[in-house]
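Peer 1: Dropping the structure in here first, questions after.
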Amino acid sequence: MKRILLVGMGLLVAGMALAAGKIDEKALKAAFAKSFPQFQVTSIKPAAVDGMAMVELNGREVVYASDDGRFIFTGDLIELRDEGPVNLNEERLQTVRAEGLAKIDPKTMITYPAEGKQKAEIYAFTDITCGYCRKLHRHIEQYTAEGITVHYLAFPRGGPDSQSAKDMRHIWCDAKPAEALTAAKLTNAISEAKLGECAESVDREYQMGINFGVRGTPAIYSPDGVQLGGYVTPEQLNQRLGL
């Protein structure tokens, strides 16, 4: 038997929702437009809980609402399965991440390849001004020595208009981007490479991170979209990758 837990902030009143499957999309959209004009409803689907809808906002955020749009719940929806509890929001994001990573052009990332035979690969959203990103990068040779390929994606925490984003565009366009990224993180030296189409990768990867649910850096994922953590030591990463 499946059991559902709602974890987070919000209010639901038992017995007030409409019959399962009868989502009043027009009413839901009207309710959100009136109360939260800053959000655009981009998707409405039945939730795992009878009488509730999963509402996607601005293409990335998910909240839950009663079928008639009168009650909204913000938080995590946990399904208690036989194999253990599953966060349905994280499960949805894992699929989004896996699909996105499978489509990304490897040339747009800054990659530090594994030494010898590759045992695993990870994708890390990073910012050159992030202290924990710099701390993570100090272990880069240890990660690669363990057979782990590290792909870096740009995620300037201040957004596309920040100084960090501007600096990262030059790094991504450098003739030797891996060396330029290491210099920026470890010595604060910023590349002055001429910008070109390569600079657009920073903006695309930042938006990808938003869609993946990145909230801070570093944010590390496996190729199948599983979140492996933020800053992790080589020992911790090996354990999470099962090496």
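Naming scheme: A, B, ... for chains in displayed order of the structure tokens; residues 1 onward per chain; ligands 1 onward as shown.
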Show me, as a CSV table (one decimal) with N, CA, C and O atoms, in the first residue's frame, the residues that have an atom within 8 Å of range 170-180 of chain A when counting only C-alpha atoms, minus same-chain residues fewer than 4 positions from it.

Peer 2:
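The resulting file, around_10.csv, is shown below:
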```csv
chain,number,residue,atom,x,y,z
A,108,THR,N,31.1,22.4,-24.2
A,108,THR,CA,30.7,23.6,-23.6
A,108,THR,C,31.0,23.6,-22.1
A,108,THR,O,30.9,24.6,-21.4
A,109,MET,N,31.5,22.5,-21.6
A,109,MET,CA,31.8,22.3,-20.2
A,109,MET,C,33.4,22.4,-20.0
A,109,MET,O,34.1,22.3,-21.0
A,110,ILE,N,33.8,22.6,-18.8
A,110,ILE,CA,35.3,22.5,-18.6
A,110,ILE,C,35.5,21.2,-17.8
A,110,ILE,O,35.0,21.0,-16.7
A,111,THR,N,36.2,20.4,-18.5
A,111,THR,CA,36.4,19.0,-18.0
A,111,THR,C,37.8,18.7,-17.6
A,111,THR,O,38.8,19.0,-18.2
A,112,TYR,N,37.9,18.0,-16.4
A,112,TYR,CA,39.2,17.4,-15.9
A,112,TYR,C,39.0,15.9,-16.0
A,112,TYR,O,38.4,15.3,-15.2
A,166,LYS,N,30.5,37.6,-15.7
A,166,LYS,CA,31.4,38.2,-16.7
A,166,LYS,C,32.8,37.6,-16.7
A,166,LYS,O,33.3,37.3,-17.8
A,184,ALA,N,41.8,30.9,-11.7
A,184,ALA,CA,40.8,31.8,-11.1
A,184,ALA,C,40.5,31.3,-9.7
A,184,ALA,O,40.3,32.1,-8.8
A,189,ALA,N,43.4,34.8,-10.5
A,189,ALA,CA,43.8,35.3,-11.8
A,189,ALA,C,42.7,35.1,-12.8
A,189,ALA,O,42.3,33.9,-13.0
A,190,ILE,N,42.2,36.1,-13.4
A,190,ILE,CA,41.1,36.0,-14.3
A,190,ILE,C,41.5,36.1,-15.7
A,190,ILE,O,42.3,37.1,-16.1
A,191,SER,N,41.1,35.2,-16.6
A,191,SER,CA,41.5,35.2,-18.0
A,191,SER,C,41.0,36.5,-18.7
A,191,SER,O,39.9,37.0,-18.3
A,192,GLU,N,41.7,36.9,-19.7
A,192,GLU,CA,41.3,38.1,-20.5
A,192,GLU,C,41.0,37.6,-21.9
A,192,GLU,O,41.1,38.4,-22.8
A,193,ALA,N,40.6,36.4,-22.1
A,193,ALA,CA,40.4,35.8,-23.4
A,193,ALA,C,39.2,36.5,-24.1
A,193,ALA,O,38.3,37.0,-23.4
A,194,LYS,N,39.4,36.6,-25.4
A,194,LYS,CA,38.3,37.3,-26.2
A,194,LYS,C,37.0,36.5,-26.2
A,194,LYS,O,37.0,35.3,-26.3
A,195,LEU,N,35.9,37.2,-26.0
A,195,LEU,CA,34.6,36.5,-25.9
A,195,LEU,C,34.1,36.2,-27.3
A,195,LEU,O,34.4,36.8,-28.3
A,196,GLY,N,33.4,35.1,-27.3
A,196,GLY,CA,32.8,34.6,-28.6
A,196,GLY,C,31.5,33.8,-28.2
A,196,GLY,O,30.9,34.0,-27.2
A,198,CYS,N,31.4,30.9,-27.2
A,198,CYS,CA,31.7,30.2,-26.0
A,198,CYS,C,31.1,30.8,-24.8
A,198,CYS,O,30.8,30.2,-23.8
A,199,ALA,N,31.0,32.2,-24.8
A,199,ALA,CA,30.5,32.9,-23.6
A,199,ALA,C,29.1,32.6,-23.3
A,199,ALA,O,28.6,32.7,-22.2
A,201,SER,N,27.8,29.8,-23.2
A,201,SER,CA,27.7,28.6,-22.4
A,201,SER,C,27.4,28.9,-21.0
A,201,SER,O,26.7,28.2,-20.3
A,202,VAL,N,28.0,30.0,-20.5
A,202,VAL,CA,27.8,30.4,-19.1
A,202,VAL,C,26.3,30.6,-18.8
A,202,VAL,O,25.8,30.2,-17.8
```

Peer 1: Can you pull out every residue within 12 Å of Lys26 in chain A, counting only C-alpha atoms, but drop anything in the same chain fewer than 2 positions away, and send it as an mmCIF file with N, CA and C atoms, in the first residue's frame?

Peer 2:
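Okay, this is what ended up in around_33.cif:
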```
data_model
loop_
_atom_site.group_PDB
_atom_site.id
_atom_site.type_symbol
_atom_site.label_atom_id
_atom_site.label_comp_id
_atom_site.auth_asym_id
_atom_site.auth_seq_id
_atom_site.Cartn_x
_atom_site.Cartn_y
_atom_site.Cartn_z
ATOM 1 N N LYS A 22 -10.388 15.459 -11.328
ATOM 2 C CA LYS A 22 -11.190 16.534 -11.913
ATOM 3 C C LYS A 22 -10.555 17.883 -11.567
ATOM 4 N N ILE A 23 -9.427 18.149 -12.205
ATOM 5 C CA ILE A 23 -8.696 19.382 -11.937
ATOM 6 C C ILE A 23 -9.313 20.527 -12.733
ATOM 7 N N ASP A 24 -9.663 21.574 -12.054
ATOM 8 C CA ASP A 24 -10.194 22.767 -12.709
ATOM 9 C C ASP A 24 -9.005 23.661 -13.066
ATOM 10 N N LEU A 28 -7.507 27.103 -11.303
ATOM 11 C CA LEU A 28 -6.171 27.113 -10.724
ATOM 12 C C LEU A 28 -5.329 28.248 -11.289
ATOM 13 N N LYS A 29 -5.327 28.383 -12.615
ATOM 14 C CA LYS A 29 -4.534 29.431 -13.250
ATOM 15 C C LYS A 29 -5.024 30.817 -12.854
ATOM 16 N N ALA A 30 -6.336 30.959 -12.758
ATOM 17 C CA ALA A 30 -6.903 32.250 -12.363
ATOM 18 C C ALA A 30 -6.517 32.595 -10.932
ATOM 19 N N ALA A 31 -6.528 31.586 -10.066
ATOM 20 C CA ALA A 31 -6.175 31.813 -8.661
ATOM 21 C C ALA A 31 -4.719 32.224 -8.520
ATOM 22 N N PHE A 32 -3.835 31.578 -9.264
ATOM 23 C CA PHE A 32 -2.410 31.923 -9.194
ATOM 24 C C PHE A 32 -2.153 33.290 -9.805
ATOM 25 N N ALA A 33 -2.817 33.597 -10.917
ATOM 26 C CA ALA A 33 -2.620 34.884 -11.579
ATOM 27 C C ALA A 33 -3.046 36.037 -10.673
ATOM 28 N N VAL A 41 2.092 29.842 -14.437
ATOM 29 C CA VAL A 41 1.784 28.414 -14.349
ATOM 30 C C VAL A 41 2.147 27.764 -15.680
ATOM 31 N N SER A 43 2.649 24.245 -15.993
ATOM 32 C CA SER A 43 2.159 22.869 -16.113
ATOM 33 C C SER A 43 1.254 22.549 -14.935
ATOM 34 N N ILE A 44 0.186 21.815 -15.204
ATOM 35 C CA ILE A 44 -0.707 21.327 -14.149
ATOM 36 C C ILE A 44 -0.962 19.850 -14.409
ATOM 37 N N ASP A 67 -7.709 20.667 -6.000
ATOM 38 C CA ASP A 67 -8.181 20.669 -7.385
ATOM 39 C C ASP A 67 -8.898 21.953 -7.789
ATOM 40 N N ASP A 68 -9.519 22.629 -6.821
ATOM 41 C CA ASP A 68 -10.261 23.844 -7.163
ATOM 42 C C ASP A 68 -9.416 25.105 -6.989
ATOM 43 N N GLY A 69 -8.150 24.937 -6.607
ATOM 44 C CA GLY A 69 -7.255 26.079 -6.501
ATOM 45 C C GLY A 69 -7.414 26.907 -5.247
#
```

Peer 1: Mind checking which residues fall within 12 Å of range 210-214 of chain A, counting only C-alpha atoms, ignoring those fewer than 3 positions away in the same chain, and posting them as a VMD selection string?

Peer 2: chain A and resid 56 to 62 89 to 101 123 to 126 153 to 157 159 to 160 203 to 207 217 to 221 225 to 227 229 to 230

Peer 1: Could you tell me which of A:Gln142, A:Thr187, A:Gln236, A:Gln163 comes closest to Glu115 in chain A if we count only C-alpha atoms?

Peer 2: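 Answer, going by the shortest atom-to-atom distance: A:Gln142.
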
Peer 1: If you run DSSP on the backbone, which residues of range 39-209 of chain A are helix (DSSP H, G or I), as a PyMOL selection string?

Peer 2: chain A and resi 88-103+106-108+131-137+140-145+163-172+177-187+197-209

Peer 1: Mind the document's chain letters and residue numbers, and return as a PyMOL selection string the residues of range 28-57 of chain A that DSSP labels strand (DSSP E or B).

Peer 2: chain A and resi 41-46+52-57

Peer 1: Would you mind exporting the chosen residues as a short mmCIF file (atom, residue, chain, number, x, y, z; two decimals), in the first residue's frame, restricted to C-alpha atoms?

Peer 2:
```
data_model
loop_
_atom_site.label_atom_id
_atom_site.label_comp_id
_atom_site.auth_asym_id
_atom_site.auth_seq_id
_atom_site.Cartn_x
_atom_site.Cartn_y
_atom_site.Cartn_z
CA VAL A 41 1.78 28.41 -14.35
CA THR A 42 3.63 26.28 -16.90
CA SER A 43 2.16 22.87 -16.11
CA ILE A 44 -0.71 21.33 -14.15
CA LYS A 45 -0.80 17.58 -13.54
CA PRO A 46 -2.62 15.29 -11.11
CA MET A 52 -4.55 17.53 -5.39
CA ALA A 53 -2.70 18.88 -8.42
CA MET A 54 1.03 19.32 -9.00
CA VAL A 55 1.52 22.85 -10.29
CA GLU A 56 4.77 23.84 -12.01
CA LEU A 57 5.68 27.53 -11.83
#
```

Peer 1: Interatomic distance between CA of Thr129 in chain A and CA of Asp167 in chain A?

Peer 2: 10.1 Å

Peer 1: Give me the residues near Gly116 in chain A as JSON, numbers by chain, where near means some atom within 12 Å (using only C-alpha atoms) and where sequence neighbours in that chain fewer than 4 positions away do not count.

Peer 2: {"A": [120, 144, 145, 146, 147, 148, 149]}

Peer 1: Please compute the CA of Gly242 in chain A-CA of Gln118 in chain A distance, one decimal, in Å.

Peer 2: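 That distance, rounded to one decimal, is 13.6 Å.
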